[in-house]
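This report refers to the structure that appears directly beneath it.
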Amino acid sequence: MTIPHALLSSLRSSRQTTSASSKLWFGLVVVAVTTLLSAPTAKAQPEPVLSFEGRVTSVSPREMLVAAEREGVVVDVVMVDLARIPQSETRQIAQDDVVVVVGFIRRPGHRVIATSVQPVSRWFPTTPAWMRPGP
């Protein structure tokens, strides 16, 4: 059996085309993988730190509800997660204490994750020293 010359030449050209297209696909795959591996990785954004002062409305070993006040008027009530605070510090906090909370909000939650809770002295002066009448 003899293969006609026209059929033989078409087989050769299809092999060359297949070989060229496979080399092209291989090259594209190599470029795509190299690009993906060399792309800068997206680093996790650090949560912004926030600080606020408020009056404790309820406290438990794991969480605390704080009413943020402005000039004696409650402007917001915030749930504070105390998981990162040692219990020895949270035992000293009672209802109606004024505290300063430092922490961050982990998205998509609405709680403040506390990193520090400091009680504010109830005995601090309400007027600056320069405004007080002298002796």
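Going by the structure tokens order, chains are called A, B, ..., each with residues numbered from 1, while ligands are numbered from 1 in the order shown.
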For Val102 in chain A, find every residue with an atom within 10 Å (counting only C-alpha atoms), except residues of its own chain fewer than 2 positions away, and show them as a PyMOL selection string. chain A and resi 49-53+80+99-100+104+112-118
So that I can check the surroundings of Asp76 in chain A, please list as a list in words every protein, DNA and RNA residue that reaches within 8 Å of it, counting only C-alpha atoms and ignoring chain neighbours fewer than 4 positions away.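 The filter keeps Ala67, Ala68 and Glu69 of chain A.
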Write to file, as a CSV table (one decimal), in the first residue's frame, the residues of the selection just made, with C-alpha atoms.
```
chain,number,residue,atom,x,y,z
A,67,ALA,CA,-21.7,52.7,77.2
A,68,ALA,CA,-19.7,55.4,75.6
A,69,GLU,CA,-20.7,58.8,76.9
```
Just want the 10 Å neighbourhood of Ser60 in chain A, counted on only C-alpha atoms, with same-chain residues fewer than 6 positions away dropped. Output as a PDB file with N, CA and C atoms, in the first residue's frame.
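Saved result, selection-v9.pdb, follows:
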```
ATOM      1  N   ASP A  81     -15.098  42.107  73.677  1.00  0.00           N
ATOM      2  CA  ASP A  81     -14.663  40.733  73.891  1.00  0.00           C
ATOM      3  C   ASP A  81     -13.415  40.766  74.769  1.00  0.00           C
ATOM      4  N   LEU A  82     -13.454  40.075  75.911  1.00  0.00           N
ATOM      5  CA  LEU A  82     -12.348  40.107  76.876  1.00  0.00           C
ATOM      6  C   LEU A  82     -11.455  38.868  76.796  1.00  0.00           C
ATOM      7  N   GLN A  87      -7.950  37.264  83.354  1.00  0.00           N
ATOM      8  CA  GLN A  87      -9.092  37.359  84.259  1.00  0.00           C
ATOM      9  C   GLN A  87      -8.742  38.107  85.541  1.00  0.00           C
ATOM     10  N   THR A  90      -9.823  41.539  84.751  1.00  0.00           N
ATOM     11  CA  THR A  90     -11.262  41.752  84.568  1.00  0.00           C
ATOM     12  C   THR A  90     -12.028  41.607  85.872  1.00  0.00           C
ATOM     13  N   ARG A  91     -11.462  40.906  86.850  1.00  0.00           N
ATOM     14  CA  ARG A  91     -12.133  40.778  88.152  1.00  0.00           C
ATOM     15  C   ARG A  91     -12.225  42.114  88.868  1.00  0.00           C
ATOM     16  N   ILE A  93     -12.931  44.940  87.542  1.00  0.00           N
ATOM     17  CA  ILE A  93     -13.885  45.833  86.883  1.00  0.00           C
ATOM     18  C   ILE A  93     -15.292  45.449  87.320  1.00  0.00           C
ATOM     19  N   ALA A  94     -16.050  46.455  87.714  1.00  0.00           N
ATOM     20  CA  ALA A  94     -17.421  46.218  88.163  1.00  0.00           C
ATOM     21  C   ALA A  94     -18.374  47.085  87.354  1.00  0.00           C
ATOM     22  N   GLN A  95     -19.659  46.784  87.495  1.00  0.00           N
ATOM     23  CA  GLN A  95     -20.680  47.584  86.817  1.00  0.00           C
ATOM     24  C   GLN A  95     -20.600  49.022  87.317  1.00  0.00           C
TER      25      GLN A  95
END
```
Residue with smallest distance to Ile105 in chain A - pool A:Pro86, A:Lys23, A:Val78, A:Ser121, counting only C-alpha atoms: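 Looking only at the distances to Ile105 in chain A, the closest residue turns out to be A:Val78.
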Atom-to-atom span, CA of Arg106 in chain A and CA of Met79 in chain A, Å: 12.6 Å
Can you work out the spacing between CA of Val77 in chain A and CA of Gly54 in chain A in Å, to one decimal? 8.7 Å
For CA of Arg84 in chain A and CA of Asp96 in chain A, determine how far apart the two atoms are, in Å to one decimal place.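 Straight-line distance from CA of Arg84 in chain A to CA of Asp96 in chain A works out to 21.8 Å.
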